[in-house]
Amino acid sequence: MLNNIFWVNQYERITLKFLFFNTEKDMHIIAYPMLRDFFTKHPTSESSLNALYKILKRTDFSNFNELRAVFPSADVVKNEQGKNLTVFNIHGNEVRLIVAIHYNTKTVYIRDVLTHADYDKGRWKQ
């Protein structure tokens with residue numbers, strides 16, 4: 001295990017504490033093109049989204065409590081089907097990344113990337 005400190009980017013003053021890297025198996029993230037599509041439309045969010053992607057990919061989270069220790073603004077919410085989703089507030093609280101995390105298989109499914117205003121409309125819950 002290797003400990004490191006990461007900064008989301010030079011413009012945001014977010015310290016992500018110590019990360020514990022798993023040398024055996026990283027998190028597998030499905031649907032990176034959704035991030036790319038979003039930051040193509042919202043270029044100022046690119047560095048924040050890519051930083052979060054890299055941290056998620058390289059970090060071995062076993063449960064939500066470990067994730068929350070690194071990302072204090074992450075929350076668990078339920079969609080209309082009652083499934084747990086994790087919401088990350090990033091890029092100065094302007095962007096919401098909604099994912100389904102399967103800790104047992106080390107898999108992150110990107111469900112949606114939204115602006116704060118689009119998130120508040122609630123259509124992501126469907």
# chains A, B, ... in the order shown; residues from 1 in each chain; ligands from 1
$ select_by_dssp --residues "range 80-110 of chain A" --states "strand (DSSP E)" --output "PyMOL selection string"
chain A and resi 84-90+95-102+107-110
$ residues_around --residues "range 99-102 of chain A" --least-positions-apart "3" --cutoff "6 Å" --atoms "only C-alpha atoms" --output "list in words"
Leu85, Thr86, Thr105, Lys106, Thr107, Val108, Tyr109, Ile110 and Arg111 of chain A
$ select_by_dssp --residues "chain A" --states "helix (DSSP H, G or I)" --output "PyMOL selection string"
chain A and resi 32-41+43-58+64-70+116-121+123-125
$ closest_residue --among "A:Arg36, A:Lys41, A:Arg96, A:Lys54" --to "Asp120 in chain A" --atoms "only C-alpha atoms"
A:Arg96
$ closest_residue --among "A:Thr115, A:Gln126, A:Ser62, A:Gln81" --to "Phe39 in chain A" --atoms "only C-alpha atoms"
A:Thr115
$ residues_around --residues "Val77 in chain A" --least-positions-apart "2" --cutoff "10 Å" --atoms "only C-alpha atoms" --output "PyMOL selection string"
chain A and resi 74-75+79+82-87+98+125
$ write_last_selection --atoms "N, CA, C and O atoms" --output "PDB file, in the first residue's frame"
ATOM      1  N   ALA A  74     -19.187  13.363  -0.971  1.00  0.00           N
ATOM      2  CA  ALA A  74     -19.942  12.281  -1.621  1.00  0.00           C
ATOM      3  C   ALA A  74     -21.128  11.881  -0.749  1.00  0.00           C
ATOM      4  O   ALA A  74     -21.040  11.865   0.480  1.00  0.00           O
ATOM      5  N   ASP A  75     -22.236  11.591  -1.398  1.00  0.00           N
ATOM      6  CA  ASP A  75     -23.447  11.173  -0.699  1.00  0.00           C
ATOM      7  C   ASP A  75     -24.046   9.955  -1.374  1.00  0.00           C
ATOM      8  O   ASP A  75     -23.926   9.787  -2.587  1.00  0.00           O
ATOM      9  N   ASN A  79     -32.371   5.953  -6.181  1.00  0.00           N
ATOM     10  CA  ASN A  79     -33.154   6.326  -7.358  1.00  0.00           C
ATOM     11  C   ASN A  79     -34.576   5.798  -7.172  1.00  0.00           C
ATOM     12  O   ASN A  79     -34.907   5.233  -6.120  1.00  0.00           O
ATOM     13  N   GLY A  82     -35.071   2.312  -6.016  1.00  0.00           N
ATOM     14  CA  GLY A  82     -34.562   2.001  -4.689  1.00  0.00           C
ATOM     15  C   GLY A  82     -33.102   1.578  -4.663  1.00  0.00           C
ATOM     16  O   GLY A  82     -32.611   1.108  -3.643  1.00  0.00           O
ATOM     17  N   LYS A  83     -32.394   1.752  -5.767  1.00  0.00           N
ATOM     18  CA  LYS A  83     -30.978   1.371  -5.818  1.00  0.00           C
ATOM     19  C   LYS A  83     -30.111   2.517  -5.303  1.00  0.00           C
ATOM     20  O   LYS A  83     -30.382   3.683  -5.566  1.00  0.00           O
ATOM     21  N   ASN A  84     -29.056   2.155  -4.575  1.00  0.00           N
ATOM     22  CA  ASN A  84     -28.134   3.151  -4.046  1.00  0.00           C
ATOM     23  C   ASN A  84     -27.217   3.665  -5.143  1.00  0.00           C
ATOM     24  O   ASN A  84     -26.621   2.888  -5.882  1.00  0.00           O
ATOM     25  N   LEU A  85     -27.111   4.975  -5.217  1.00  0.00           N
ATOM     26  CA  LEU A  85     -26.178   5.637  -6.125  1.00  0.00           C
ATOM     27  C   LEU A  85     -25.321   6.576  -5.300  1.00  0.00           C
ATOM     28  O   LEU A  85     -25.752   7.077  -4.262  1.00  0.00           O
ATOM     29  N   THR A  86     -24.110   6.816  -5.769  1.00  0.00           N
ATOM     30  CA  THR A  86     -23.216   7.750  -5.097  1.00  0.00           C
ATOM     31  C   THR A  86     -23.135   9.024  -5.936  1.00  0.00           C
ATOM     32  O   THR A  86     -22.960   8.952  -7.151  1.00  0.00           O
ATOM     33  N   VAL A  87     -23.290  10.158  -5.273  1.00  0.00           N
ATOM     34  CA  VAL A  87     -23.236  11.450  -5.957  1.00  0.00           C
ATOM     35  C   VAL A  87     -22.009  12.202  -5.455  1.00  0.00           C
ATOM     36  O   VAL A  87     -21.821  12.371  -4.247  1.00  0.00           O
ATOM     37  N   ILE A  98     -22.896  11.148 -10.930  1.00  0.00           N
ATOM     38  CA  ILE A  98     -23.733  10.125 -10.305  1.00  0.00           C
ATOM     39  C   ILE A  98     -23.238   8.766 -10.782  1.00  0.00           C
ATOM     40  O   ILE A  98     -23.178   8.504 -11.987  1.00  0.00           O
ATOM     41  N   LYS A 125     -33.155  10.508 -11.312  1.00  0.00           N
ATOM     42  CA  LYS A 125     -33.673   9.475 -10.408  1.00  0.00           C
ATOM     43  C   LYS A 125     -34.415   8.355 -11.142  1.00  0.00           C
ATOM     44  O   LYS A 125     -34.640   7.310 -10.578  1.00  0.00           O
TER      45      LYS A 125
END
$ closest_residue --among "A:Leu49, A:Tyr103, A:Arg123, A:Phe88" --to "Glu66 in chain A" --atoms "only C-alpha atoms"
A:Tyr103
$ closest_residue --among "A:Glu80, A:Thr59, A:Asn50, A:Ile90" --to "Met27 in chain A" --atoms "only C-alpha atoms"
A:Thr59
$ atom_distance --atom1 "CA of Phe64 in chain A" --atom2 "CA of Tyr119 in chain A"
21.3 Å
